[in-house]
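Worksheet: the structure to be examined is printed underneath.
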Amino acid sequence: MVVTDESPSPSLSLDEFQSALQRLGRSVVTASQVARVLECSHAEASERLAALADAGRIASADVSDDPVVWYPLDIEALSSREHRILFPERREVVVEHPRQFTRAQLAQFAHLVDSSGDAYIYRIREEDVWQAPYDHLEDLLRTMRDVLPERSPHLEEWVERQWGRAHKFTLATHEDGYTVLRAASDDLMGNVALQRLDQGEHVRAPISDSEVWVASERVGEIKRILYDAGYPVQDDRELESGDPLDIEVELDLREYQRSWVERFESAHSGVFVGPPGSGKTVAAMGAMAAVGGETLVLVPSRDLAGQWHEELLTHTSLSRDQIGEYHGGEKNIRPVTVATYQTAGMDRHRSLFDDREWGLIVYDEVHHVPSNVFRRSADLQAKHRLGLSATPIREDDREADIFTLIGPPIGTDWAALFDAGFVAEPEVEIRYVPWADEYARNEYVSSHGHERRQVAATNPAKVEAVRTLLEDHVGSKVLIFADYLDQGEALSKALDLPFVSGEMRHRRRQVLFDEFRTDRRDTLIISRVGDEGIDLPNAEVAIVASGLGGSRRQGAQRAGRTMRPVGSALMYVLATRGTNEEDFARQQLRHLAGKGIRVTERDAPQVEPVVDPSEEDAQGSDEDAPTDGIGGTDTSDETDTSDTPTDGDGDE
Ligand SMILES: Nc1ncnc2c1ncn2[C@@H]1O[C@H](COP(=O)(O)OP(=O)(O)OP(=O)(O)O)[C@@H](O)[C@H]1O
């Protein structure tokens with residue numbers, strides 16, 4: 001029986017029309033295609049499309065031998081509109097022109113694998129499900145359904161299986177005080193754990209078929225063994241609170257900071273992941289107050305140690321004699337001690353970990369923890385451990401170390417962060433700079449390895465490219481990053497600006513940083529020493545002259561220096577055209593895309609180099625003299641990211 005519905009078809013909104021286009025993956029459609037998506041008759045679809053066209057919202061074209069086609073009036077608006085496509089079998093999501101919030105949501109459970117051009121490709125790996133910062137599977141699935149263009153039962157079943165694997169083993173504290181490992185089933189204990197753990201070293205004695213007493217001093221190893229076997233362990237043990245220490249935070253924590261601290265209190269360990277400037281350090285003080293025990297804070301550089309010291313004095317009830325610093329400059333162990341990773345990683349300073357009954361270890365810039373400190377952390381499993389990171393993805397992808405030795409990411413309420421305006425999406429532009437001259441290009445062609453990278457990074461034409469950018473941003477607060485000492489000095493001379501490097505005395509650096517913070521200075525040239533956490537909250541523009549060969553995280557940190565909540569922040573990355581810098585630039589900034597940063601690319605405007613007349617004579621005399629290449633990178637500062645630490649400030 002056919003029921004003819006005399007009432008007019010329900011109208012079709014422009015949003016529904018555009019969603020249909022997205023579902024169909026097309027920008028021009030026929031009524032029958034739309035009928036399929038709307039699950040209505042062809043006639044009804046035609047009627048609804050015609051009504052939308054009559055309302056002047058869409059257009060149609062009579063294509064002679066083909067049916068009428070319909071398309072949005074402003075095809076441009078569509079082309080810049082966010083468009084998501086799911087490939088369930090590959091567990092991939094492709095997003096064109098993703099918005100910042102979309103990228104932040106995807107970063108909760110998916111790994112950004114490519115972002116060249118406008119399409120961002122995310123893949124969901126098993127470890128992404130394991131580390132998804134949710135207490136319940138339903139919460140994870142809700143976020144997925146919110147951000148994925150369609151539901152996929154097949155994908156959700158896979159996610160559920162991975163989630164299950166991450167909840168098959170639990171470490172707990174037995175009522176008699178010893179540490180036990182519990183499995184979700186006898187089989188898992190027998191076929192997975194007991195096949196891999198060492199009887200005696202790891203396993204002390206069986207308690208039941210699914211529960212064993214384990215060696216508490218081997219917990220770090222046990223976690224790693226089971227993680228590598230595909231079973232990340234939930235750590236629900238009661239942890240030591242160390243010698244009691246009463247700490248109060250004298251700032252009102254923001255909603256998302258309180259949420260971080262509450263989640264940490266229930267999990268006892270974990271990582272706060274939030275954009276630079278979002279308040280992780282202050283939230284860590286909240287965690288210190290919650291634990292109420294003596295605290296060891298580990299940071300990547302001496303400058304940052306000084307900054308933590310100041311922040312603790314400013315924002316907590318701690319008195320000056322309760323806080324000490326432990327690094328090249330001073331060796332004071334106090335109830336709250338801030339030490340550099342370099343010092344903490346050295347055997348002759350291992351007493352740092354054992355000298356006091358710490359209740360909490362804080363790892364700042366957790367992706368920066370050197371291997372020897374990670375190894376030492378394996379012995380600290382009885383303590384509360386907190387990581388802070390703006391970019392949790394390690395260059396060498398050692399998420400497993402962070403997960404097993406410190407803890408899983410603790411959920412970040414991105415919506416609250418964005419609503420509170422603590423994430424300013426910076427514009428990042430890669431500017432491709434031509435060679436200064438044939439000589440410089442030939443030098444690149446004839447060099448190899450590190451020197452080749454160096455020649456590309458220190459292309460003299462970059463000086464003019466920086467000068468042009470400074471002229472475009474007169475009055476803005478600008479940081480120019482130069483990894484190579486000679487390039488930093490060349491920029492300093494050409495632009496008459498100070499160059500802050502690890503070679504500069506600590507005191508002089510502080511003076512320049514303070515002048516920048518207090519607006520007595522607009523522009524600074526800095527080397528790696530400025531990468532980690534040095535608080536230059538009012539930087540508005542970052543120009544990366546060199547340092548692309550470093551790592552993705554440096555790119556994020558540099559963007560971070562301009563991602564402070566100061567409205568629109570800009571970052572220019574100078575890459576020499578036709579060299580490996582182009583690939584580095586795209587690879588490094590792809591990582592930033594996963595943190596909600598939009599990347600554009602363009603060629604630097606051609607400019608004639610400004611040559612100092614005095615140099616003109618000098619150039620004439622030895623223009624054929626081979627240069628020995630540009631001086632080495634500034635490894636004299638403390639934030640050397642290699643695992644064999646060097647310490648610019650003479651840490652013993
Ligand atoms: N709850 C708060 N109330 C007032 N100010 C705050 C609060 N939380 C953070 N701030 C301020 O915001 C700035 C950045 O905070 P914080 O240093 O904690 O951020 P961060 O995420 O640790 O930055 P980075 O990643 O660079 O280390 C600081 O000046 C801090 O004093």
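Identifiers in this document derive from the order of the structure tokens: chains are assigned A, B, ..., residues are numbered from 1 separately in each chain, and ligands are numbered from 1 in order of occurrence.
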
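Those residues that approach A:Leu479 to within 8 Å, counting only C-alpha atoms, are A:Lys477, A:Phe481, A:Thr523, A:Leu524, A:Ile525, A:Ile526, A:Ala539, A:Val541, A:Ala542, A:Ile543; same-chain residues fewer than 2 positions away are not listed.
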
Can you list every residue in stretch 237-427 of chain A that DSSP puts in helix (DSSP H, G or I), as an MDAnalysis selection string?
chainID A and resid 255:267 280:291 302:315 320:322 341:344 347:349 351:354 366:368 371:380 399:406 414:419

Nearest to A:Glu429 among A:Thr170, A:Ser527, A:Thr600, A:Thr314, with distances taken over only C-alpha atoms: which residue is it?
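Nearest to A:Glu429: A:Thr600.
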
Residues at most 7 Å from ligand 1, using only C-alpha atoms and all ligand atoms? Could they come as a count of residues only?
20

I need the residue nearest A:Asp235 from this list: A:Tyr178, A:Tyr363, A:Phe169, A:Phe264. Use only C-alpha atoms for the distance.
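The shortest atom-to-atom distance to A:Asp235 comes from A:Phe169.
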
Any idea what's packed within 8 Å of A:Val463, counting only C-alpha atoms, ignoring anything in its chain fewer than 2 positions away? Could you give it as a ChimeraX atom specification?
/A:460-461,465-467,490-491,494

Residue selection dump (N, CA, C and O atoms) as a PDB file, in the first residue's frame:
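selection.pdb was written with the following content:
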ATOM      1  N   PRO A 460      73.173  32.180   4.439  1.00  0.00           N
ATOM      2  CA  PRO A 460      73.254  33.612   4.757  1.00  0.00           C
ATOM      3  C   PRO A 460      72.027  34.407   4.304  1.00  0.00           C
ATOM      4  O   PRO A 460      71.688  35.424   4.912  1.00  0.00           O
ATOM      5  N   ALA A 461      71.299  33.900   3.313  1.00  0.00           N
ATOM      6  CA  ALA A 461      70.113  34.641   2.834  1.00  0.00           C
ATOM      7  C   ALA A 461      69.054  34.724   3.918  1.00  0.00           C
ATOM      8  O   ALA A 461      68.125  35.537   3.868  1.00  0.00           O
ATOM      9  N   ALA A 465      65.953  37.432   5.246  1.00  0.00           N
ATOM     10  CA  ALA A 465      64.575  36.941   5.460  1.00  0.00           C
ATOM     11  C   ALA A 465      64.113  37.337   6.866  1.00  0.00           C
ATOM     12  O   ALA A 465      62.964  37.755   7.065  1.00  0.00           O
ATOM     13  N   VAL A 466      65.029  37.275   7.833  1.00  0.00           N
ATOM     14  CA  VAL A 466      64.671  37.685   9.211  1.00  0.00           C
ATOM     15  C   VAL A 466      64.425  39.184   9.241  1.00  0.00           C
ATOM     16  O   VAL A 466      63.449  39.665   9.803  1.00  0.00           O
ATOM     17  N   ARG A 467      65.287  39.933   8.582  1.00  0.00           N
ATOM     18  CA  ARG A 467      65.137  41.395   8.564  1.00  0.00           C
ATOM     19  C   ARG A 467      63.772  41.782   7.994  1.00  0.00           C
ATOM     20  O   ARG A 467      63.045  42.604   8.543  1.00  0.00           O
ATOM     21  N   ALA A 490      76.017  36.147  13.523  1.00  0.00           N
ATOM     22  CA  ALA A 490      75.861  36.899  12.269  1.00  0.00           C
ATOM     23  C   ALA A 490      74.557  37.697  12.310  1.00  0.00           C
ATOM     24  O   ALA A 490      74.502  38.876  11.959  1.00  0.00           O
ATOM     25  N   LEU A 491      73.502  37.060  12.808  1.00  0.00           N
ATOM     26  CA  LEU A 491      72.209  37.755  12.919  1.00  0.00           C
ATOM     27  C   LEU A 491      72.331  38.910  13.905  1.00  0.00           C
ATOM     28  O   LEU A 491      71.847  40.018  13.671  1.00  0.00           O
ATOM     29  N   ALA A 494      74.268  41.700  12.160  1.00  0.00           N
ATOM     30  CA  ALA A 494      73.535  42.329  11.026  1.00  0.00           C
ATOM     31  C   ALA A 494      72.323  43.104  11.524  1.00  0.00           C
ATOM     32  O   ALA A 494      71.944  44.139  10.989  1.00  0.00           O
TER      33      ALA A 494
END

Correct to one decimal, the distance atom CA of A:Met504-atom CA of A:Asp303 is 12.5 Å

Option closest in space to A:Val362, from A:Val271, A:Leu318, A:Leu140, A:Met346 [counting only C-alpha atoms]:
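Using only C-alpha atoms, A:Val362 sits closest to A:Val271.
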
Can you measure atom CA of A:Glu250 to atom CA of A:Glu311 for me? One decimal in Å is fine.
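About the pair atom CA of A:Glu250 and atom CA of A:Glu311: they are 10.9 Å apart.
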
Name all residues at most 8 Å from stretch 335-340 of chain A (count only C-alpha atoms; drop same-chain ones fewer than 4 positions away) and give them as an mmCIF file with N, CA and C atoms, in the first residue's frame.
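Writing done, so here's part.cif:
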data_model
loop_
_atom_site.group_PDB
_atom_site.id
_atom_site.type_symbol
_atom_site.label_atom_id
_atom_site.label_comp_id
_atom_site.auth_asym_id
_atom_site.auth_seq_id
_atom_site.Cartn_x
_atom_site.Cartn_y
_atom_site.Cartn_z
ATOM 1 N N LEU A 245 54.892 17.066 54.466
ATOM 2 C CA LEU A 245 55.241 18.470 54.224
ATOM 3 C C LEU A 245 53.940 19.198 53.903
ATOM 4 N N GLU A 294 57.314 15.391 50.961
ATOM 5 C CA GLU A 294 58.497 16.037 50.406
ATOM 6 C C GLU A 294 58.576 15.716 48.906
ATOM 7 N N THR A 295 59.045 16.693 48.119
ATOM 8 C CA THR A 295 58.928 16.582 46.660
ATOM 9 C C THR A 295 60.251 16.883 45.964
ATOM 10 N N LEU A 296 60.579 16.021 44.996
ATOM 11 C CA LEU A 296 61.753 16.245 44.143
ATOM 12 C C LEU A 296 61.234 16.621 42.767
ATOM 13 N N VAL A 297 61.630 17.797 42.273
ATOM 14 C CA VAL A 297 61.202 18.260 40.949
ATOM 15 C C VAL A 297 62.405 18.168 40.017
ATOM 16 N N LEU A 298 62.225 17.500 38.859
ATOM 17 C CA LEU A 298 63.319 17.358 37.892
ATOM 18 C C LEU A 298 62.980 18.181 36.654
ATOM 19 N N VAL A 299 63.948 19.010 36.221
ATOM 20 C CA VAL A 299 63.700 19.916 35.093
ATOM 21 C C VAL A 299 64.862 19.827 34.096
ATOM 22 N N PRO A 300 64.633 20.256 32.837
ATOM 23 C CA PRO A 300 65.678 20.087 31.815
ATOM 24 C C PRO A 300 66.831 21.077 31.925
ATOM 25 N N SER A 301 66.625 22.207 32.599
ATOM 26 C CA SER A 301 67.726 23.192 32.553
ATOM 27 C C SER A 301 67.806 23.990 33.851
ATOM 28 N N ARG A 302 68.940 24.577 34.065
ATOM 29 C CA ARG A 302 69.167 25.347 35.287
ATOM 30 C C ARG A 302 68.282 26.593 35.307
ATOM 31 N N ALA A 305 65.098 25.582 36.558
ATOM 32 C CA ALA A 305 65.144 25.308 38.015
ATOM 33 C C ALA A 305 64.928 26.609 38.774
ATOM 34 N N TRP A 308 61.254 27.568 38.514
ATOM 35 C CA TRP A 308 60.411 26.786 39.437
ATOM 36 C C TRP A 308 60.557 27.332 40.856
ATOM 37 N N HIS A 309 61.779 27.616 41.236
ATOM 38 C CA HIS A 309 62.062 28.103 42.595
ATOM 39 C C HIS A 309 61.240 29.364 42.836
ATOM 40 N N GLN A 322 62.705 26.086 52.776
ATOM 41 C CA GLN A 322 62.139 24.753 52.478
ATOM 42 C C GLN A 322 62.405 24.339 51.031
ATOM 43 N N ILE A 323 62.968 25.270 50.239
ATOM 44 C CA ILE A 323 63.165 24.980 48.812
ATOM 45 C C ILE A 323 64.657 25.043 48.506
ATOM 46 N N GLY A 324 65.146 24.036 47.791
ATOM 47 C CA GLY A 324 66.564 24.052 47.411
ATOM 48 C C GLY A 324 66.700 23.725 45.933
ATOM 49 N N GLU A 325 67.843 24.131 45.356
ATOM 50 C CA GLU A 325 68.148 23.767 43.973
ATOM 51 C C GLU A 325 69.390 22.884 43.975
ATOM 52 N N TYR A 326 69.425 21.957 43.030
ATOM 53 C CA TYR A 326 70.550 21.007 43.000
ATOM 54 C C TYR A 326 71.011 20.881 41.556
ATOM 55 N N HIS A 327 72.112 21.579 41.209
ATOM 56 C CA HIS A 327 72.655 21.520 39.843
ATOM 57 C C HIS A 327 74.043 22.147 39.872
ATOM 58 N N ALA A 344 70.746 14.834 38.048
ATOM 59 C CA ALA A 344 70.061 13.666 38.636
ATOM 60 C C ALA A 344 70.499 12.378 37.958
ATOM 61 N N ARG A 356 66.392 11.693 50.843
ATOM 62 C CA ARG A 356 65.202 12.040 51.621
ATOM 63 C C ARG A 356 64.080 11.072 51.277
#

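The two atoms in question, atom CA of A:Val180 and atom CA of A:Gly292, are spaced 25.6 Å apart.
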